[in-house]
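Colleague: Shown below is the structure under consideration.
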Amino acid sequence: MSTVPDGKKLVRSPSGLRMVPENGAFNSPFSLDEPQWVPDKEHHCRRCGRCFCDKCCSKKVALPRMCFVDPVRQCGECSLVSQKEMEFYDKQLKVLMGGGSFIVTLGTSKTSETMMCRLSNNHRYIFFDGESHFEVELSRISSMQVLTEESTPEENDIHTYPSLLDSQYISEGGNSRASGMLLHYKPTGSQDPQQLRMEAADDKKTASSWLAAMHKAAKLLYEARDR
């Protein structure tokens, strides 16, 4: 397992106090950088950096993606986005770090292993724990293939991060329940792509919830990469 330090430090920026990793290289992949403020003496939205009058930028909303300790001033549009993201931080992250049980197959191997899959505390890795142990860094995942209960292996649809944003396959309460996932990624220290197949083990409800949370995570990862 990676020995990644989880140390944090408190820093003050023009926007407010932030709790950030001591080493910036270990930022959460879901985090966003603070925007540059548009030069002006009016009030600035801490999320987009644009300036607004007091009335249009008076609401203070939590912004964990930028590591702010306290709620910060945001414009109406950004405050709605931040409020929606709070569900991920309040619920989905806990599900991902709690883990789910999956039958895992690496590459084209004919042997599989039942493993507990969970997100690391710093949100940078998916840990796979069974008789063997390994990890996948989120930033090195290139694509995901969603497996559903209603599809056969030949009919599974391939979803990269952009198409995952609108995918209904693993939405909670949807018609199709996610039963697994195919990941394509590059192992740390290698440029050769690797395939990993995950299929729900005995506790399918927990596994499906984990996959639904991963869907939310994929959306935030794509947004962070696109900035």
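Each chain in the structure tokens gets a letter, A, B and so on, in the order shown; residues start at 1 in every chain, and ligands are counted from 1 in the order they appear.
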I'd like a table as CSV: residues in region 115-150 of chain A with an atom no more than 9 Å from region 208-222 of chain A, each row giving the shortest atom pair and its distance in Å to one decimal, only C-alpha atoms counted, sorted by chain and rising residue number.
Modeller:
```
residue,atom,partner,partner_atom,distance
A:Arg118,CA,A:Trp210,CA,8.7
A:Leu138,CA,A:Leu221,CA,8.4
A:Ser139,CA,A:Leu221,CA,8.2
A:Val146,CA,A:Leu211,CA,8.9
```
Colleague: Please, could you write that set of residues out with all heavy atoms as a PDB file, in the first residue's frame?
Modeller:
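Saved as again35.pdb:
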```
ATOM      1  N   ARG A 118     -12.308  -0.130  -1.579  1.00  0.00           N
ATOM      2  CA  ARG A 118     -12.683   1.095  -0.879  1.00  0.00           C
ATOM      3  C   ARG A 118     -11.790   2.249  -1.316  1.00  0.00           C
ATOM      4  O   ARG A 118     -10.654   2.044  -1.777  1.00  0.00           O
ATOM      5  CB  ARG A 118     -12.573   0.919   0.638  1.00  0.00           C
ATOM      6  CG  ARG A 118     -11.168   0.646   1.143  1.00  0.00           C
ATOM      7  CD  ARG A 118     -11.110   0.514   2.654  1.00  0.00           C
ATOM      8  NE  ARG A 118      -9.757   0.242   3.109  1.00  0.00           N
ATOM      9  CZ  ARG A 118      -8.849   1.195   3.354  1.00  0.00           C
ATOM     10  NH1 ARG A 118      -9.168   2.472   3.163  1.00  0.00           N
ATOM     11  NH2 ARG A 118      -7.644   0.886   3.775  1.00  0.00           N
ATOM     12  N   LEU A 138      -6.806   7.043  -8.826  1.00  0.00           N
ATOM     13  CA  LEU A 138      -7.937   7.570  -9.592  1.00  0.00           C
ATOM     14  C   LEU A 138      -7.490   8.387 -10.793  1.00  0.00           C
ATOM     15  O   LEU A 138      -8.102   8.335 -11.861  1.00  0.00           O
ATOM     16  CB  LEU A 138      -8.837   8.429  -8.697  1.00  0.00           C
ATOM     17  CG  LEU A 138      -9.643   7.713  -7.613  1.00  0.00           C
ATOM     18  CD1 LEU A 138     -10.569   8.702  -6.923  1.00  0.00           C
ATOM     19  CD2 LEU A 138     -10.449   6.574  -8.196  1.00  0.00           C
ATOM     20  N   SER A 139      -6.418   9.152 -10.623  1.00  0.00           N
ATOM     21  CA  SER A 139      -5.967  10.024 -11.709  1.00  0.00           C
ATOM     22  C   SER A 139      -5.424   9.240 -12.897  1.00  0.00           C
ATOM     23  O   SER A 139      -5.240   9.807 -13.988  1.00  0.00           O
ATOM     24  CB  SER A 139      -4.897  10.989 -11.205  1.00  0.00           C
ATOM     25  OG  SER A 139      -3.737  10.290 -10.780  1.00  0.00           O
ATOM     26  N   VAL A 146     -19.564   0.376 -17.467  1.00  0.00           N
ATOM     27  CA  VAL A 146     -20.575   0.045 -16.477  1.00  0.00           C
ATOM     28  C   VAL A 146     -21.261  -1.265 -16.830  1.00  0.00           C
ATOM     29  O   VAL A 146     -21.713  -1.452 -17.968  1.00  0.00           O
ATOM     30  CB  VAL A 146     -21.613   1.177 -16.384  1.00  0.00           C
ATOM     31  CG1 VAL A 146     -22.670   0.833 -15.338  1.00  0.00           C
ATOM     32  CG2 VAL A 146     -20.941   2.498 -16.037  1.00  0.00           C
TER      33      VAL A 146
END
```
Colleague: For Glu113 (chain A), list every protein, DNA or RNA residue within 9 Å, evaluated using only C-alpha atoms, and leave out those in the same chain fewer than 4 positions away; present the list as a ChimeraX atom specification.
Modeller: /A:102-105,130-132
Colleague: Got a sec to tell me which of region 9-160 of chain A DSSP assigns to alpha helix (DSSP H), as a count of residues only?
Modeller: 18
Colleague: For CA of Leu93 (chain A) and CA of Ala62 (chain A), determine how far apart the two atoms are, in Å to one decimal place.
Modeller: 15.9 Å
Colleague: Using only C-alpha atoms, which of A:Phe52, A:Gly107, A:Glu223, A:Leu119 sits nearest Pro193 (chain A)?
Modeller: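 Closest residue, counting only C-alpha atoms: A:Gly107.
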Colleague: Between CA of Asn27 (chain A) and CA of Leu106 (chain A), what is the spacing in Å?
Modeller: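 Result for CA of Leu106 (chain A) versus CA of Asn27 (chain A): 27.7 Å, one decimal.
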Colleague: Using only C-alpha atoms for the distances, tell me which of A:Arg197, A:Lys59, A:Arg50, A:Arg65 is nearest to Ser109 (chain A).
Modeller: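 Using only C-alpha atoms, Ser109 (chain A) sits closest to A:Arg197.
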Colleague: Apply DSSP to the structure's backbone, then extract all residues of region 71-217 of chain A labelled strand (DSSP E) and return them as a PyMOL selection string.
Modeller: chain A and resi 72-74+100-106+113-119+125-129+133-137+141-148+158-159+178-185+194-200
